[in-house]
file protein24.tsv (TSV, C-alpha atoms and all ligand atoms)
chain	number	residue	atom	x	y	z
A	325	MET	CA	0.00	0.00	0.00
A	326	GLU	CA	1.28	3.44	-0.95
A	327	LEU	CA	1.08	5.52	2.22
A	328	GLU	CA	-0.09	9.09	1.79
A	329	LEU	CA	0.51	12.24	3.79
A	330	ASN	CA	-2.53	14.17	4.93
A	331	LEU	CA	-1.28	17.75	4.73
A	332	GLN	CA	-2.51	21.26	5.28
A	333	PRO	CA	-0.66	24.37	4.10
A	334	LEU	CA	1.96	25.49	6.63
A	335	ALA	CA	0.06	28.78	7.09
A	336	ILE	CA	2.45	30.17	9.70
A	337	PRO	CA	0.77	33.23	11.21
A	338	GLY	CA	2.48	36.45	10.14
A	339	ILE	CA	4.62	34.72	7.53
A	340	GLU	CA	3.88	35.52	3.90
A	341	ASN	CA	3.25	32.47	1.78
A	342	LYS	CA	6.02	33.08	-0.75
A	343	ARG	CA	9.31	31.51	-1.74
A	344	PRO	CA	11.73	31.31	-0.11
A	345	LEU	CA	10.53	30.63	3.41
A	346	VAL	CA	13.57	31.67	5.46
A	347	ILE	CA	14.52	30.38	8.89
A	348	ALA	CA	17.77	31.74	10.31
A	349	GLY	CA	19.70	31.87	13.54
A	350	PRO	CA	22.64	30.32	15.32
A	351	CYS	CA	23.42	26.63	15.39
A	352	SER	CA	23.13	26.76	19.19
A	353	ALA	CA	21.72	29.11	21.76
A	354	GLU	CA	24.92	29.77	23.71
A	355	THR	CA	24.28	32.76	25.95
A	356	GLU	CA	21.47	35.26	26.34
A	357	GLU	CA	23.69	37.99	24.84
A	358	GLN	CA	24.62	35.89	21.80
A	359	VAL	CA	20.99	34.93	21.21
A	360	MET	CA	19.69	38.50	21.56
A	361	ASP	CA	22.48	40.13	19.58
A	362	THR	CA	22.04	37.69	16.68
A	363	ALA	CA	18.26	37.90	16.80
A	364	ARG	CA	18.15	41.71	16.80
A	365	GLN	CA	20.42	41.91	13.77
A	366	LEU	CA	18.44	39.25	11.90
A	367	ALA	CA	15.14	40.95	12.72
A	368	ASN	CA	16.52	44.30	11.52
A	369	ASN	CA	17.28	42.61	8.20
A	370	GLY	CA	13.73	41.35	7.88
A	371	ILE	CA	14.16	37.74	9.02
A	372	ARG	CA	10.86	36.55	10.48
A	373	ILE	CA	11.67	33.09	11.87
A	374	PHE	CA	14.50	32.61	14.35
A	375	ARG	CA	16.16	29.25	14.82
A	376	ALA	CA	18.52	28.19	17.60
A	377	GLY	CA	19.47	24.77	18.90
A	378	VAL	CA	18.56	24.46	22.56
A	379	TRP	CA	19.38	20.75	22.74
A	380	LYS	CA	22.31	19.73	20.54
A	381	PRO	CA	22.82	16.15	19.38
A	382	ARG	CA	26.57	15.80	19.03
A	383	THR	CA	28.30	13.08	17.10
A	384	LYS	CA	30.87	12.57	19.87
A	385	PRO	CA	30.55	13.23	23.62
A	386	GLY	CA	32.41	16.17	25.04
A	387	GLY	CA	31.17	18.79	22.57
A	388	PHE	CA	28.75	21.53	23.56
A	389	GLU	CA	25.43	19.76	24.05
A	390	GLY	CA	23.23	22.82	24.24
A	391	LYS	CA	22.04	24.86	27.19
A	392	GLY	CA	18.75	22.98	27.42
A	393	VAL	CA	15.76	24.51	29.21
A	394	GLU	CA	17.95	27.35	30.51
A	395	ALA	CA	17.95	28.77	26.96
A	396	LEU	CA	14.17	28.76	26.55
A	397	PRO	CA	13.62	32.12	28.32
A	398	TRP	CA	16.20	33.67	25.95
A	399	MET	CA	14.14	32.40	23.03
A	400	GLN	CA	11.02	33.88	24.59
A	401	ARG	CA	12.82	37.21	24.90
A	402	VAL	CA	13.63	37.08	21.18
A	403	LYS	CA	9.94	36.76	20.42
A	404	ALA	CA	8.91	39.46	22.89
A	405	GLU	CA	11.47	41.98	21.65
A	406	THR	CA	11.66	41.31	17.93
A	407	GLY	CA	8.34	39.64	17.14
A	408	MET	CA	10.17	36.86	15.32
A	409	LEU	CA	8.70	33.36	15.47
A	410	LEU	CA	10.80	30.71	17.16
A	411	ALA	CA	12.05	27.36	15.89
A	412	THR	CA	14.11	24.72	17.64
A	413	GLU	CA	15.14	21.09	17.35
A	414	VAL	CA	13.42	18.45	19.46
A	415	ALA	CA	14.74	14.93	19.93
A	416	THR	CA	12.72	13.53	22.84
A	417	PRO	CA	9.16	13.81	24.23
A	418	GLU	CA	10.62	15.92	27.06
A	419	HIS	CA	12.03	18.40	24.54
A	420	VAL	CA	8.65	18.58	22.81
A	421	GLU	CA	6.86	19.28	26.06
A	422	ALA	CA	9.37	21.92	27.22
A	423	ALA	CA	9.47	23.64	23.81
A	424	LEU	CA	5.70	23.82	23.48
A	425	LYS	CA	5.35	25.09	27.06
A	426	ALA	CA	7.86	27.83	26.25
A	427	GLY	CA	5.84	28.88	23.19
A	428	ILE	CA	8.24	27.70	20.49
A	429	ASP	CA	6.28	28.14	17.24
A	430	ILE	CA	7.96	25.63	14.96
A	431	LEU	CA	9.68	22.36	15.84
A	432	TRP	CA	12.12	20.37	13.80
A	433	ILE	CA	13.48	16.87	14.11
A	434	GLY	CA	17.22	16.63	13.50
A	435	ALA	CA	19.03	14.36	11.09
A	436	ARG	CA	20.35	12.01	13.75
A	437	THR	CA	16.90	11.64	15.27
A	438	SER	CA	14.93	11.16	12.05
A	439	ALA	CA	17.17	8.15	11.31
A	440	ASN	CA	15.69	6.36	14.34
A	441	PRO	CA	12.07	5.19	14.07
A	442	PHE	CA	11.81	4.62	17.85
A	443	SER	CA	12.79	8.22	18.58
A	444	VAL	CA	10.54	9.57	15.86
A	445	GLN	CA	7.61	7.54	17.15
A	446	ALA	CA	8.20	8.78	20.70
A	447	ILE	CA	8.16	12.38	19.42
A	448	ALA	CA	5.04	11.65	17.35
A	449	ASP	CA	3.28	10.31	20.45
A	450	ALA	CA	4.21	13.46	22.36
A	451	LEU	CA	2.74	15.58	19.55
A	452	LYS	CA	-0.70	13.93	19.58
A	453	GLY	CA	-3.44	16.51	19.93
A	454	VAL	CA	-1.06	19.43	19.26
A	455	ASP	CA	-1.29	21.74	16.24
A	456	VAL	CA	2.22	23.03	15.56
A	457	PRO	CA	4.24	23.13	12.33
A	458	VAL	CA	6.90	20.41	12.36
A	459	PHE	CA	9.81	20.00	9.96
A	460	VAL	CA	11.59	16.69	9.55
A	461	LYS	CA	15.22	16.83	8.49
A	462	ASN	CA	16.46	14.09	6.22
A	463	PRO	CA	18.09	11.22	8.10
A	464	VAL	CA	21.90	11.27	8.02
A	465	ASN	CA	21.91	8.28	5.67
A	466	PRO	CA	20.69	8.70	2.10
A	467	ASP	CA	17.42	6.80	2.47
A	468	VAL	CA	14.18	8.33	1.19
A	469	GLU	CA	12.16	5.49	2.74
A	470	LEU	CA	13.43	6.35	6.22
A	471	TRP	CA	12.77	10.05	5.62
A	472	THR	CA	9.27	9.25	4.33
A	473	GLY	CA	8.69	6.96	7.32
A	474	ALA	CA	9.56	9.73	9.77
A	475	LEU	CA	7.19	12.13	7.98
A	476	LEU	CA	4.41	9.52	8.03
A	477	ARG	CA	4.87	8.88	11.76
A	478	ILE	CA	4.61	12.58	12.61
A	479	ASN	CA	1.70	13.01	10.22
A	480	SER	CA	-0.13	10.02	11.73
A	481	ALA	CA	0.04	11.75	15.11
A	482	GLY	CA	-2.22	14.43	13.60
A	483	ILE	CA	0.43	16.97	12.56
A	484	ARG	CA	-0.90	18.32	9.26
A	485	ARG	CA	1.35	21.36	8.98
A	486	LEU	CA	4.38	19.38	8.06
A	487	GLY	CA	7.54	20.16	6.10
A	488	ALA	CA	10.87	18.57	5.30
A	489	ILE	CA	14.36	20.00	5.61
A	490	HIS	CA	16.99	18.76	3.20
A	491	ARG	CA	20.40	19.06	4.92
A	492	GLY	CA	22.46	16.65	2.86
A	493	PHE	CA	23.65	13.13	3.64
A	494	SER	CA	26.66	11.53	5.29
A	495	SER	CA	29.09	10.19	2.78
A	496	VAL	CA	32.29	8.20	3.05
A	497	ASP	CA	34.07	10.03	0.30
A	498	GLN	CA	33.90	13.57	1.57
A	499	LYS	CA	35.01	16.00	-1.03
A	500	LEU	CA	33.57	19.45	-1.37
A	501	TYR	CA	30.58	19.13	0.96
A	502	ARG	CA	30.27	18.27	4.63
A	503	ASN	CA	27.04	16.45	3.72
A	504	PRO	CA	26.62	16.05	-0.05
A	505	PRO	CA	23.20	17.28	-1.21
A	506	MET	CA	22.29	14.26	-3.38
A	507	TRP	CA	19.55	16.41	-4.89
A	508	HIS	CA	17.79	13.42	-6.45
A	509	LEU	CA	16.63	12.35	-2.98
A	510	PRO	CA	14.66	15.49	-2.00
A	511	ILE	CA	13.43	15.61	-5.60
A	512	GLU	CA	12.08	12.07	-5.15
A	513	LEU	CA	10.41	13.17	-1.90
A	514	LYS	CA	8.74	16.06	-3.79
A	515	ARG	CA	7.63	13.63	-6.47
A	516	ARG	CA	5.98	11.43	-3.86
A	517	PHE	CA	4.40	14.32	-1.94
A	518	PRO	CA	4.02	17.32	-4.26
A	519	SER	CA	2.31	19.48	-1.64
A	520	LEU	CA	4.96	18.85	1.06
A	521	PRO	CA	7.06	21.98	1.59
A	522	VAL	CA	10.74	21.07	1.34
A	523	ILE	CA	13.32	23.60	2.47
A	524	THR	CA	17.09	23.42	2.09
A	525	ASP	CA	19.72	23.75	4.80
A	526	PRO	CA	22.87	24.83	2.95
A	527	SER	CA	24.78	25.33	6.22
A	528	HIS	CA	24.97	21.67	7.20
A	529	MET	CA	25.30	20.62	3.57
A	530	GLY	CA	28.27	22.82	2.77
A	531	GLY	CA	29.83	22.98	6.21
A	532	ARG	CA	31.61	26.09	4.92
A	533	ARG	CA	30.55	29.71	4.73
A	534	ASP	CA	31.51	30.15	1.10
A	535	LEU	CA	29.22	27.35	-0.02
A	536	ILE	CA	26.03	28.85	1.43
A	537	ALA	CA	25.31	31.22	-1.45
A	538	PRO	CA	25.83	28.73	-4.30
A	539	ILE	CA	23.88	25.95	-2.58
A	540	SER	CA	21.02	28.33	-1.76
A	541	GLN	CA	20.86	29.42	-5.40
A	542	GLN	CA	20.83	25.80	-6.53
A	543	ALA	CA	17.98	25.06	-4.12
A	544	MET	CA	15.98	27.94	-5.54
A	545	ASP	CA	16.76	26.92	-9.12
A	546	LEU	CA	15.49	23.43	-8.34
A	547	GLY	CA	12.22	24.87	-7.03
A	548	PHE	CA	12.60	24.12	-3.31
A	549	ASP	CA	10.44	26.12	-0.97
A	550	GLY	CA	12.78	27.77	1.47
A	551	LEU	CA	16.08	27.93	3.31
A	552	MET	CA	17.27	27.26	6.83
A	553	ILE	CA	20.59	29.02	7.32
A	554	GLU	CA	22.81	29.26	10.38
A	555	SER	CA	23.73	32.80	11.33
A	556	HIS	CA	25.67	33.98	14.38
A	557	CYS	CA	26.73	37.41	15.68
A	558	ASN	CA	30.31	36.14	16.01
A	559	PRO	CA	30.64	33.02	13.84
A	560	ASP	CA	34.31	32.34	14.44
A	561	CYS	CA	33.70	32.00	18.16
A	562	ALA	CA	30.56	29.85	17.85
A	563	TRP	CA	30.40	26.91	20.25
A	564	SER	CA	29.20	24.58	17.49
A	565	ASP	CA	29.47	24.56	13.69
A	566	ALA	CA	31.71	27.68	13.67
A	567	LYS	CA	32.95	27.21	10.09
A	568	GLN	CA	29.52	27.27	8.50
A	569	GLN	CA	27.82	30.14	10.32
A	570	VAL	CA	27.60	33.59	8.74
A	571	LEU	CA	27.12	37.06	10.17
A	572	PRO	CA	23.54	38.36	9.90
A	573	GLU	CA	24.77	41.01	7.45
A	574	VAL	CA	26.38	38.34	5.28
A	575	LEU	CA	23.13	36.38	5.32
A	576	ASP	CA	21.33	39.52	4.22
A	577	PHE	CA	23.79	39.93	1.35
A	578	ILE	CA	23.34	36.30	0.29
A	579	LEU	CA	19.53	36.45	0.39
A	580	ASP	CA	19.50	39.74	-1.44
A	581	ARG	CA	21.39	38.30	-4.37
A	582	LEU	CA	19.36	35.14	-4.76
A	583	VAL	CA	17.55	34.87	-8.04
A	584	ILE	CA	14.10	33.43	-7.40
A	585	ARG	CA	12.56	31.84	-10.44
A	586	ASP	CA	8.85	31.13	-10.49
A	587	SER	CA	7.80	27.70	-11.50
A	588	VAL	CA	5.34	28.68	-14.20
A	589	GLU	CA	3.56	26.37	-16.62
A	590	ALA	CA	5.81	24.91	-19.26
A	591	THR	CA	5.86	26.97	-22.45
A	592	GLU	CA	5.56	25.63	-25.98
A	593	SER	CA	9.32	25.74	-26.54
A	594	ILE	CA	9.96	23.75	-23.36
A	595	ASN	CA	7.36	21.21	-24.48
A	596	GLN	CA	9.19	20.85	-27.79
A	597	LEU	CA	12.46	20.25	-26.01
A	598	ARG	CA	10.79	17.75	-23.67
A	599	LYS	CA	9.52	15.81	-26.68
A	600	GLN	CA	13.09	15.54	-27.87
A	601	ILE	CA	14.18	14.33	-24.44
A	602	ASP	CA	11.41	11.70	-24.49
A	603	GLU	CA	12.58	10.49	-27.87
A	604	LEU	CA	16.15	10.26	-26.69
A	605	ASP	CA	15.02	8.37	-23.58
A	606	ASN	CA	13.20	5.86	-25.79
A	607	HIS	CA	16.37	5.50	-27.75
A	608	LEU	CA	18.40	4.98	-24.57
A	609	MET	CA	16.00	2.24	-23.43
A	610	ASP	CA	16.32	0.57	-26.82
A	611	VAL	CA	20.07	0.62	-26.66
A	612	LEU	CA	20.09	-0.68	-23.10
A	613	THR	CA	17.73	-3.51	-24.03
A	614	LYS	CA	20.02	-4.52	-26.88
A	615	ARG	CA	23.06	-4.32	-24.60
A	616	MET	CA	21.39	-6.62	-22.06
A	617	ARG	CA	20.43	-9.08	-24.79
A	618	ILE	CA	24.03	-9.35	-25.92
A	619	SER	CA	25.14	-9.67	-22.35
A	620	ARG	CA	22.77	-12.65	-21.96
A	621	GLU	CA	24.28	-14.20	-25.08
A	622	ILE	CA	27.71	-13.82	-23.49
A	623	ALA	CA	26.35	-15.59	-20.40
A	624	GLU	CA	25.30	-18.58	-22.54
A	625	TYR	CA	28.84	-18.73	-23.90
A	626	LYS	CA	30.40	-18.41	-20.44
A	627	LYS	CA	28.16	-21.18	-19.16
A	628	LEU	CA	29.11	-23.45	-22.03
A	629	HIS	CA	32.82	-22.84	-21.46
A	630	ASN	CA	32.67	-22.92	-17.68
A	631	MET	CA	33.83	-19.32	-17.26
A	632	THR	CA	33.08	-17.03	-14.28
A	633	VAL	CA	30.51	-14.28	-14.73
A	634	VAL	CA	32.60	-11.30	-13.63
A	635	GLN	CA	35.89	-10.68	-15.30
A	636	THR	CA	37.35	-7.78	-13.36
A	637	THR	CA	39.92	-6.64	-15.91
A	638	ARG	CA	37.21	-6.29	-18.54
A	639	TYR	CA	35.01	-4.41	-16.05
A	640	SER	CA	37.79	-1.94	-15.08
A	641	GLU	CA	38.55	-1.40	-18.74
A	642	ILE	CA	34.92	-0.44	-19.45
A	643	LEU	CA	34.73	1.92	-16.46
A	644	ASP	CA	38.00	3.70	-17.31
A	645	LYS	CA	37.34	3.96	-21.01
A	646	ARG	CA	33.81	5.34	-20.62
A	647	ALA	CA	34.72	7.72	-17.78
A	648	ALA	CA	37.45	9.22	-19.97
A	649	GLN	CA	35.05	9.43	-22.89
A	650	GLY	CA	32.47	11.09	-20.63
A	651	VAL	CA	34.96	13.79	-19.70
A	652	MET	CA	35.57	14.53	-23.36
A	653	CYS	CA	31.81	14.94	-23.79
A	654	GLY	CA	31.54	17.40	-20.90
A	655	MET	CA	30.23	14.97	-18.28
A	656	SER	CA	31.68	14.28	-14.87
A	657	PRO	CA	33.71	11.04	-14.78
A	658	ASP	CA	31.98	10.04	-11.50
A	659	PHE	CA	28.60	10.31	-13.19
A	660	VAL	CA	29.67	8.09	-16.08
A	661	ARG	CA	31.27	5.57	-13.73
A	662	ASP	CA	28.05	5.48	-11.67
A	663	ILE	CA	25.98	4.78	-14.75
A	664	TYR	CA	28.28	2.00	-15.86
A	665	GLU	CA	28.37	0.50	-12.37
A	666	HIS	CA	24.57	0.27	-12.45
A	667	ILE	CA	24.49	-1.13	-15.97
A	668	HIS	CA	27.10	-3.68	-15.04
A	669	GLU	CA	25.20	-4.68	-11.91
A	670	GLU	CA	22.05	-5.39	-13.93
A	671	SER	CA	24.05	-7.17	-16.57
A	672	VAL	CA	25.65	-9.42	-13.93
A	673	ARG	CA	22.21	-10.10	-12.41
A	674	GLN	CA	20.88	-11.23	-15.79
A	675	GLN	CA	23.98	-13.32	-16.52
A	676	LEU	CA	23.73	-15.07	-13.14
A	677	GLU	CA	20.13	-15.94	-13.91
A	678	ILE	CA	21.23	-17.69	-17.09
A	679	MET	CA	24.23	-19.41	-15.48
A	680	ASN	CA	22.01	-20.87	-12.78
A	681	LYS	CA	19.15	-21.95	-14.99
B	1	LIG	C1	21.28	21.88	13.38
B	1	LIG	O1	20.34	22.27	12.68
B	1	LIG	O2	21.99	22.61	14.06
B	1	LIG	C2	21.61	20.44	13.35
B	1	LIG	C3	22.10	19.79	14.40
B	1	LIG	O3	21.38	19.92	12.15
B	1	LIG	P1	21.34	18.39	11.62
B	1	LIG	O4	20.32	17.68	12.43
B	1	LIG	O5	20.93	18.61	10.21
B	1	LIG	O6	22.73	17.86	11.74
B	2	MN	MN	24.42	23.24	13.38

call {"tool": "encode", "arguments": {"input": "protein24.tsv", "output": "structure tokens"}}
result
Amino acid sequence: MELELNLQPLAIPGIENKRPLVIAGPCSAETEEQVMDTARQLANNGIRIFRAGVWKPRTKPGGFEGKGVEALPWMQRVKAETGMLLATEVATPEHVEAALKAGIDILWIGARTSANPFSVQAIADALKGVDVPVFVKNPVNPDVELWTGALLRINSAGIRRLGAIHRGFSSVDQKLYRNPPMWHLPIELKRRFPSLPVITDPSHMGGRRDLIAPISQQAMDLGFDGLMIESHCNPDCAWSDAKQQVLPEVLDFILDRLVIRDSVEATESINQLRKQIDELDNHLMDVLTKRMRISREIAEYKKLHNMTVVQTTRYSEILDKRAAQGVMCGMSPDFVRDIYEHIHEESVRQQLEIMNK
């Protein structure tokens, strides 16, 4: 059974329903001064939703784990003095209860928590009977099913004003990003739930100040609904995530320069181009089908001559040759290698079927 989300528009009081929805503030609430100083500057620049981590899930013990309930009155002061709405991360039923009691307007579930169905269910149970907007960050691992599951659990508790935050995924081969975006995953989430607002967190994705602007622009170009960005009055001295936080004035500069494209109906010329793409895709499928057929013929031969299915030298040769060819055609070698790895995997699956018949 395909599970569905039962959603209502976020309709956050006082927040205009237009792209991008912006949530900004420090990674952590550190001191009352830091919270107030950051909040005042953000509010002066027109930011309407203030984020700060009150409880911080840290990968290793010994880091700053958040001020906890002590920080909640500082958050309340932000609201009283600036009128901004408040957002914070919750990871346990106790956090939910304390945050709601303190008047936090928007809750989010962090990436380490959304990866754990027990924790998500406990939070969902604590949210029963409450009407508050909740955002679910993607789990640390690149798994749309797990992300969907977390959204379904919260939704089943009766939370209809639901959103997702795309913050990138853990990856073994860290290159440019702290958490590579893997855009196809939030795009798949949007495909499954077109009315689910999905916002992008370029701070945790990039892990570096200079990546916030380009990732934010990419998110807008891909049609995502908003941005959650970490901003701190003194980023270099932040107690958590110092490298990725930006001054409120830098955030203002970044937001000011974003080009927001409307997703309007496709025009005739786009439709023409899409027809060409469809034709090429048909062609691709044809070619792939033929390739698989030949690969099955090879399997018959291998079976007859008692040869193993995978011949690694041949496989490496294909990967290297096509990756190099891809580069000459303006494609990334990793992309071409990925494609060939998948094709090879299917080819091996089909060959094994024949060998074992
Ligand atoms: C955060 O938003 O500060 C945070 C801890 O993010 P994530 O759960 O995405 O790591
Ligand atoms: Mn952070």

call {"tool": "atom_distance", "arguments": {"input": "protein24.tsv", "atom1": "CA of Leu535 (chain A)", "atom2": "CA of Val583 (chain A)"}}
result
16.0 Å

call {"tool": "residues_around", "arguments": {"input": "protein24.tsv", "residues": "Leu571 (chain A)", "least_positions_apart": "5", "cutoff": "6 Å", "atoms": "all atoms listed in the file", "output": "list in words"}}
result
Ser555, His556 and Cys557 of chain A

call {"tool": "residues_around", "arguments": {"input": "protein24.tsv", "residues": "Thr362 (chain A)", "least_positions_apart": "2", "cutoff": "9 Å", "atoms": "only C-alpha atoms", "output": "JSON, numbers by chain"}}
result
{"A": [349, 350, 357, 358, 359, 360, 364, 365, 366, 367, 555, 556, 557, 558, 571, 572]}

call {"tool": "residues_around", "arguments": {"input": "protein24.tsv", "residues": "region 612-621 of chain A", "least_positions_apart": "5", "cutoff": "12 Å", "atoms": "all atoms listed in the file", "output": "list in words"}}
result
Asp605, Asn606, His607, Lys626, Lys627, Leu628, Val633, Val634, Ile663, Tyr664, His666, Ile667, His668, Glu669, Glu670, Ser671, Val672, Arg673, Gln674, Gln675, Leu676, Glu677, Ile678 and Met679 of chain A

call {"tool": "closest_atom_pairs", "arguments": {"input": "protein24.tsv", "of": "chain A", "to": "ligand LIG 1 (chain B)", "cutoff": "7 Å", "atoms": "all atoms listed in the file", "output": "tab-separated table"}}
result
residue	atom	partner	partner_atom	distance
A:Cys351	CA	B:LIG1	O2	4.5
A:Ser352	CA	B:LIG1	O2	6.7
A:Gly377	CA	B:LIG1	O2	5.9
A:Lys380	CA	B:LIG1	C3	6.1
A:Pro381	CA	B:LIG1	C3	6.2
A:Gly434	CA	B:LIG1	O4	3.4
A:Ala435	CA	B:LIG1	O4	3.8
A:Arg436	CA	B:LIG1	O4	5.8
A:Lys461	CA	B:LIG1	O5	6.2
A:Arg491	CA	B:LIG1	O5	5.3
A:His528	CA	B:LIG1	O5	5.9

call {"tool": "closest_residue", "arguments": {"input": "protein24.tsv", "among": "A:Ser527, A:Asn503, A:Thr636, A:Asn368", "to": "Gln569 (chain A)", "atoms": "only C-alpha atoms"}}
result
A:Ser527

call {"tool": "residues_around", "arguments": {"input": "protein24.tsv", "residues": "Gly482 (chain A)", "least_positions_apart": "4", "cutoff": "8 Å", "atoms": "only C-alpha atoms", "output": "list of chain:residue names"}}
result
A:Leu451, A:Lys452, A:Gly453, A:Val454, A:Asp455, A:Ile478

call {"tool": "write_last_selection", "arguments": {"input": "protein24.tsv", "atoms": "C-alpha atoms", "output": "compact mmCIF listing (two decimals), keeping the file's coordinate frame"}}
result
# COMPACT_ATOMS: atom_id res chain seq x y z
CA LEU A 451 2.74 15.58 19.55
CA LYS A 452 -0.70 13.93 19.58
CA GLY A 453 -3.44 16.51 19.93
CA VAL A 454 -1.06 19.43 19.26
CA ASP A 455 -1.29 21.74 16.24
CA ILE A 478 4.61 12.58 12.61

call {"tool": "atom_distance", "arguments": {"input": "protein24.tsv", "atom1": "CA of Pro344 (chain A)", "atom2": "CA of Phe577 (chain A)"}}
result
14.9 Å

call {"tool": "closest_residue", "arguments": {"input": "protein24.tsv", "among": "A:Asp467, A:Glu413, A:Asp361, A:Glu573", "to": "ligand MN 2 (chain B)", "atoms": "only C-alpha atoms and all ligand atoms"}}
result
A:Glu413
